[in-house]
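Asks: Next comes the structure file target.cif, holding mmCIF, C-alpha atoms and all ligand atoms.
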```
data_model
#
loop_
_atom_site.label_atom_id
_atom_site.label_comp_id
_atom_site.auth_asym_id
_atom_site.auth_seq_id
_atom_site.Cartn_x
_atom_site.Cartn_y
_atom_site.Cartn_z
CA MET G 1 8.82 116.59 -98.36
CA GLY G 2 10.97 113.58 -97.57
CA GLU G 3 12.02 113.27 -93.93
CA GLN G 4 8.80 113.89 -92.03
CA GLU G 5 8.11 115.70 -88.81
CA VAL G 6 5.63 113.73 -86.76
CA PRO G 7 2.57 116.02 -86.95
CA ALA G 8 1.65 117.99 -83.83
CA GLY G 9 -1.18 116.26 -81.99
CA ALA G 10 0.10 112.90 -83.08
CA ARG G 11 2.72 112.52 -80.37
CA SER G 12 0.24 111.10 -77.94
CA GLY G 13 1.99 107.76 -77.41
CA LYS G 14 -1.08 106.08 -78.90
CA ARG G 15 -0.92 103.31 -81.49
CA ARG G 16 -0.42 104.78 -84.94
CA LEU G 17 -2.79 103.30 -87.49
CA GLY G 18 -2.45 104.09 -91.20
CA VAL G 19 -5.57 103.81 -93.36
CA MET G 20 -5.26 103.20 -97.12
CA GLY G 21 -8.68 103.46 -98.78
CA GLY G 22 -9.19 102.52 -102.39
CA THR G 23 -11.27 100.70 -104.92
CA PHE G 24 -8.30 98.39 -105.56
CA ASP G 25 -9.66 97.14 -108.91
CA PRO G 26 -7.03 95.70 -108.95
CA ILE G 27 -4.60 96.58 -106.14
CA HIS G 28 -1.15 97.35 -107.64
CA HIS G 29 2.39 98.14 -106.56
CA GLY G 30 1.66 101.91 -106.55
CA HIS G 31 -0.73 101.36 -103.61
CA LEU G 32 1.67 99.04 -101.79
CA VAL G 33 4.73 101.26 -102.14
CA ALA G 34 2.76 104.32 -100.98
CA ALA G 35 1.56 102.49 -97.85
CA SER G 36 4.99 101.01 -97.09
CA GLU G 37 6.76 104.34 -97.52
CA VAL G 38 4.28 106.26 -95.35
CA ALA G 39 4.43 103.53 -92.68
CA ALA G 40 8.19 103.96 -92.45
CA LEU G 41 8.24 107.78 -92.55
CA PHE G 42 5.44 108.21 -90.01
CA HIS G 43 6.42 105.32 -87.74
CA LEU G 44 3.05 103.64 -88.19
CA ASP G 45 2.35 100.45 -86.24
CA GLU G 46 -0.02 99.11 -88.89
CA VAL G 47 -1.63 100.06 -92.18
CA VAL G 48 -5.17 98.85 -92.76
CA PHE G 49 -6.27 98.67 -96.40
CA VAL G 50 -9.98 99.42 -96.77
CA PRO G 51 -11.49 98.40 -100.12
CA THR G 52 -14.54 100.51 -101.01
CA GLY G 53 -18.01 98.99 -101.04
CA GLN G 54 -19.65 101.13 -103.71
CA PRO G 55 -17.31 103.96 -104.79
CA TRP G 56 -19.99 106.60 -105.52
CA GLN G 57 -17.74 108.65 -107.80
CA LYS G 58 -17.00 105.61 -109.99
CA THR G 59 -20.58 104.53 -110.68
CA HIS G 60 -20.11 105.34 -114.39
CA LYS G 61 -17.39 102.67 -114.45
CA ASN G 62 -17.77 98.91 -114.41
CA VAL G 63 -16.39 98.22 -110.92
CA SER G 64 -15.58 94.56 -110.14
CA PRO G 65 -17.47 92.74 -107.38
CA ALA G 66 -16.41 93.84 -103.90
CA GLU G 67 -15.46 90.26 -102.93
CA ASP G 68 -12.96 90.05 -105.81
CA ARG G 69 -11.42 93.41 -104.88
CA TYR G 70 -11.31 92.40 -101.21
CA LEU G 71 -9.62 89.05 -101.96
CA MET G 72 -7.03 90.65 -104.26
CA THR G 73 -6.24 93.12 -101.47
CA VAL G 74 -5.82 90.26 -98.98
CA ILE G 75 -3.54 88.36 -101.39
CA ALA G 76 -1.42 91.46 -102.06
CA THR G 77 -0.91 92.36 -98.41
CA ALA G 78 -0.75 88.90 -96.81
CA SER G 79 3.03 88.66 -96.60
CA ASN G 80 3.52 91.99 -94.79
CA PRO G 81 2.95 91.68 -91.01
CA GLN G 82 2.30 95.45 -90.80
CA PHE G 83 -0.53 95.33 -93.35
CA SER G 84 -4.12 94.25 -92.77
CA VAL G 85 -7.40 94.50 -94.67
CA SER G 86 -10.77 95.67 -93.36
CA ARG G 87 -14.19 94.79 -94.75
CA ILE G 88 -15.97 97.69 -93.02
CA ASP G 89 -16.76 99.67 -96.19
CA ILE G 90 -17.96 96.52 -97.99
CA ASP G 91 -20.07 95.24 -95.11
CA ARG G 92 -21.68 98.64 -94.35
CA GLY G 93 -23.47 98.53 -97.72
CA GLY G 94 -24.51 101.51 -99.80
CA PRO G 95 -22.17 104.16 -101.21
CA THR G 96 -18.79 104.43 -99.50
CA TYR G 97 -17.97 107.69 -97.74
CA THR G 98 -14.64 108.13 -95.98
CA ILE G 99 -16.36 109.99 -93.16
CA ASP G 100 -18.14 106.70 -92.27
CA THR G 101 -14.90 104.72 -92.65
CA LEU G 102 -13.05 106.99 -90.25
CA ARG G 103 -15.88 107.19 -87.71
CA GLU G 104 -16.06 103.41 -87.62
CA LEU G 105 -12.29 102.96 -87.40
CA ARG G 106 -12.18 105.47 -84.54
CA THR G 107 -14.79 103.46 -82.65
CA LEU G 108 -13.00 100.17 -83.31
CA ASN G 109 -9.55 101.61 -82.44
CA ASP G 110 -10.04 104.10 -79.62
CA ASP G 111 -6.41 103.51 -78.61
CA ALA G 112 -5.08 104.77 -81.96
CA ASP G 113 -4.33 107.93 -83.93
CA LEU G 114 -5.44 107.56 -87.55
CA PHE G 115 -3.40 108.56 -90.62
CA PHE G 116 -5.36 108.47 -93.89
CA ILE G 117 -3.14 107.94 -96.94
CA THR G 118 -4.19 109.35 -100.33
CA GLY G 119 -2.54 109.81 -103.69
CA ALA G 120 -2.18 113.32 -105.14
CA ASP G 121 -5.21 112.81 -107.42
CA ALA G 122 -7.53 111.81 -104.58
CA LEU G 123 -6.22 114.57 -102.31
CA SER G 124 -7.09 117.20 -104.90
CA GLN G 125 -10.72 116.00 -104.86
CA ILE G 126 -11.13 115.80 -101.12
CA LEU G 127 -13.11 119.00 -100.64
CA GLY G 128 -15.83 117.33 -102.73
CA TRP G 129 -16.09 114.36 -100.39
CA ARG G 130 -19.01 113.99 -97.98
CA ASP G 131 -18.59 116.06 -94.77
CA ALA G 132 -15.14 117.14 -95.96
CA GLU G 133 -14.62 119.66 -93.15
CA GLU G 134 -15.10 116.98 -90.47
CA LEU G 135 -12.68 114.50 -92.05
CA PHE G 136 -9.66 116.36 -90.73
CA SER G 137 -10.80 116.10 -87.12
CA LEU G 138 -10.89 112.30 -87.36
CA ALA G 139 -7.52 111.61 -89.00
CA HIS G 140 -4.32 113.24 -90.10
CA PHE G 141 -4.19 113.13 -93.92
CA ILE G 142 -1.03 112.16 -95.80
CA GLY G 143 -0.92 113.02 -99.48
CA VAL G 144 1.62 111.13 -101.56
CA THR G 145 3.13 111.95 -104.93
CA ARG G 146 1.76 110.18 -107.99
CA PRO G 147 3.13 110.53 -111.53
CA GLY G 148 0.97 112.84 -113.65
CA HIS G 149 -0.67 114.61 -110.71
CA ASP G 150 0.27 117.73 -108.75
CA LEU G 151 0.55 117.23 -105.02
CA THR G 152 -0.83 120.24 -103.17
CA ASP G 153 -2.59 121.02 -99.92
CA ASP G 154 -4.12 124.26 -101.25
CA GLY G 155 -7.45 124.94 -99.55
CA LEU G 156 -7.00 122.17 -96.98
CA PRO G 157 -6.87 122.87 -93.23
CA GLU G 158 -3.48 123.95 -91.96
CA GLY G 159 -1.81 121.18 -89.97
CA GLY G 160 -4.35 118.63 -91.20
CA VAL G 161 -2.30 117.31 -94.09
CA SER G 162 1.29 116.22 -94.70
CA LEU G 163 2.73 115.90 -98.20
CA VAL G 164 5.17 113.09 -98.86
CA GLU G 165 7.30 112.12 -101.84
CA VAL G 166 7.20 108.37 -102.54
CA PRO G 167 9.02 106.41 -105.26
CA ALA G 168 7.26 107.22 -108.53
CA LEU G 169 5.34 104.29 -109.95
CA ALA G 170 3.32 105.20 -113.02
CA ILE G 171 0.79 102.44 -112.44
CA SER G 172 -2.98 102.79 -112.29
CA SER G 173 -5.76 100.25 -111.89
CA THR G 174 -7.30 101.66 -115.08
CA ASP G 175 -4.15 100.83 -117.01
CA CYS G 176 -3.92 97.34 -115.46
CA ARG G 177 -7.52 96.60 -116.47
CA ALA G 178 -6.88 97.86 -120.01
CA ARG G 179 -3.75 95.74 -120.29
CA VAL G 180 -5.59 92.57 -119.26
CA ALA G 181 -8.42 93.38 -121.69
CA GLN G 182 -5.87 93.71 -124.52
CA GLY G 183 -4.04 90.54 -123.52
CA ASP G 184 -0.96 92.47 -122.33
CA PRO G 185 0.92 91.33 -119.20
CA VAL G 186 0.44 92.88 -115.76
CA TRP G 187 3.32 90.91 -114.22
CA TYR G 188 5.34 93.17 -111.88
CA LEU G 189 2.68 95.91 -112.00
CA VAL G 190 0.59 93.93 -109.51
CA PRO G 191 1.77 91.20 -107.08
CA ASP G 192 2.14 87.72 -108.58
CA GLY G 193 -0.81 86.33 -106.62
CA VAL G 194 -3.02 89.10 -108.00
CA VAL G 195 -1.99 88.21 -111.58
CA ARG G 196 -3.04 84.63 -110.84
CA TYR G 197 -6.31 85.71 -109.22
CA ILE G 198 -7.23 87.95 -112.20
CA ASP G 199 -6.59 84.99 -114.46
CA LYS G 200 -8.49 82.51 -112.31
CA ARG G 201 -11.56 84.76 -112.09
CA GLN G 202 -11.21 85.98 -115.70
CA LEU G 203 -11.46 89.61 -114.53
CA TYR G 204 -11.29 92.54 -116.98
CA ARG G 205 -11.45 90.28 -120.07
CA GLY G 206 -14.50 91.84 -121.67
CA GLU G 207 -13.64 95.50 -121.03
N1 LIG G 301 0.72 104.82 -108.56
C1 LIG G 301 0.27 105.40 -107.45
N2 LIG G 301 1.09 106.18 -106.69
C2 LIG G 301 0.62 106.79 -105.58
N3 LIG G 301 -0.67 106.69 -105.11
C3 LIG G 301 -1.52 105.96 -105.82
C4 LIG G 301 -1.11 105.27 -107.02
N4 LIG G 301 -2.16 104.60 -107.52
C5 LIG G 301 -3.20 104.86 -106.70
N5 LIG G 301 -2.84 105.66 -105.67
C6 LIG G 301 -3.70 106.14 -104.58
O1 LIG G 301 -4.26 105.00 -103.95
C7 LIG G 301 -5.62 105.27 -103.54
C8 LIG G 301 -6.57 104.24 -104.11
O2 LIG G 301 -6.50 104.33 -105.51
P1 LIG G 301 -7.46 103.49 -106.49
O3 LIG G 301 -7.81 102.19 -105.88
O4 LIG G 301 -8.55 104.36 -106.98
O5 LIG G 301 -6.40 103.19 -107.67
P2 LIG G 301 -6.25 103.88 -109.08
O6 LIG G 301 -5.03 103.30 -109.71
O7 LIG G 301 -6.30 105.37 -108.94
O8 LIG G 301 -7.57 103.35 -109.79
P3 LIG G 301 -8.30 103.80 -111.13
O9 LIG G 301 -7.28 103.90 -112.22
O10 LIG G 301 -9.31 102.72 -111.36
O11 LIG G 301 -8.96 105.14 -110.83
C9 LIG G 301 -5.92 106.71 -104.00
O12 LIG G 301 -5.66 107.58 -102.92
C10 LIG G 301 -4.90 106.91 -105.11
O13 LIG G 301 -4.59 108.29 -105.28
O1 LIG G 302 -16.02 110.29 -98.81
C1 LIG G 302 -16.21 110.53 -100.00
O2 LIG G 302 -17.16 111.25 -100.40
C2 LIG G 302 -15.23 109.95 -101.01
C3 LIG G 302 -15.33 110.21 -102.38
C4 LIG G 302 -14.41 109.63 -103.25
C5 LIG G 302 -13.41 108.80 -102.77
N1 LIG G 302 -13.35 108.58 -101.41
C6 LIG G 302 -12.33 107.66 -100.87
O3 LIG G 302 -11.07 107.87 -101.48
C7 LIG G 302 -10.35 106.63 -101.54
C8 LIG G 302 -9.90 106.41 -102.98
O4 LIG G 302 -11.08 106.29 -103.74
P1 LIG G 302 -11.07 105.84 -105.27
O5 LIG G 302 -12.52 106.00 -105.69
O6 LIG G 302 -10.13 106.78 -105.97
O7 LIG G 302 -10.63 104.43 -105.31
C9 LIG G 302 -11.33 105.56 -101.04
O8 LIG G 302 -11.05 105.29 -99.68
C10 LIG G 302 -12.68 106.22 -101.18
O9 LIG G 302 -13.66 105.75 -100.27
C11 LIG G 302 -14.21 109.13 -100.56
#
```
Please lay out the structure from this file as structure tokens.

Replies:
Amino acid sequence: MGEQEVPAGARSGKRRLGVMGGTFDPIHHGHLVAASEVAALFHLDEVVFVPTGQPWQKTHKNVSPAEDRYLMTVIATASNPQFSVSRIDIDRGGPTYTIDTLRELRTLNDDADLFFITGADALSQILGWRDAEELFSLAHFIGVTRPGHDLTDDGLPEGGVSLVEVPALAISSTDCRARVAQGDPVWYLVPDGVVRYIDKRQLYRGE
């Protein structure tokens, strides 16, 4: 891990588009550092953040409205010219599957190679995602370290995944929501504008 080889098959001279999918409820500095670090290591031209519409594996949780999660993601990424936000998973409707996200991004960006960024926890679940075997033909996957989770590519297709060490930030959206609910600060865990947005919309108060 660390200094990364550019994966074989990704030296095509095409635009290099990173994809950071997440529920982002709320987006925090763990997400932003992971995307920034991968962008630098893999020489990405852009990273598009894709907030989920309905995260089907989180239906037992009280997920905030998609528009709030989308706007917090826009606020958090606005100052970085390399970062953008896509509404495709929100606008598609229904449960969000990464296979649909990647198919759509491929159609919209036929001049680009895709690099899907996931934390160690999400990577370990990937074989349970819809059409898991096809995912690796649509994008190169980049698994990043996350405190409290083992980063491994066991069982995943050879050459389909790179593992990367990123600065360890022990931040989760779950913890941010719990802190707001308890009246504890989330300053410096999430961007300042996101703190203000949570306050303005009174998110997470009753949880
Ligand atoms: N602190 C972190 N360091 C590295 N990767 C992270 C970190 N937090 C989240 N990620 C990764 O970012 C992606 C989106 O995560 P998500 O929006 O579910 O945030 P979360 O903090 O895991 O949320 P929750 O606590 O609600 O499950 C996932 O691939 C996840 O593994
Ligand atoms: O495709 C799937 O079946 C699938 C199942 C669970 C999670 N994902 C994707 O993994 C990313 C992180 O999801 P989450 O639920 O941890 O915020 C996000 O882009 C989700 O759409 C995808």

Asks: What residues of the protein or nucleic acid chains come within 9 Å of ligand LIG 302 (chain G) when you use all atoms listed in the file? Reply as a PyMOL selection string.

Replies: chain G and resi 19-25+49-58+89+95-101+116-119+121-123+125-132+135

Asks: Give me the residues near Arg201 in chain G as an MDAnalysis selection string, where near means some atom within 9 Å (using all atoms listed in the file) and where sequence neighbours in that chain fewer than 4 positions away do not count.

Replies: chainID G and resid 68 196:197

Asks: Work out how far CA of Glu133 in chain G is from CA of Glu158 in chain G, in Å to one decimal.

Replies: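 If I compute the distance from CA of Glu158 in chain G to CA of Glu133 in chain G, I get 12.0 Å.
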
Asks: As JSON, numbers by chain, please: the residues near Asn109 in chain G (cut-off 9 Å, all atoms listed in the file, same-chain neighbours under 5 positions excluded).

Replies: {"G": [15, 17, 104, 114]}

Asks: I need the residue nearest Met72 in chain G from this list: G:Val194, G:Leu41, G:Gly155, G:Phe115. Use all atoms listed in the file for the distance.

Replies: G:Val194

Asks: At a cut-off of 8 Å from (1.1, 110.8, -105.2) in the coordinates of the file, what residues are picked up using all atoms listed in the file, written as number ranges by chain?

Replies: G: 34, 118-121, 143-147, 149-151, 164-166, 168
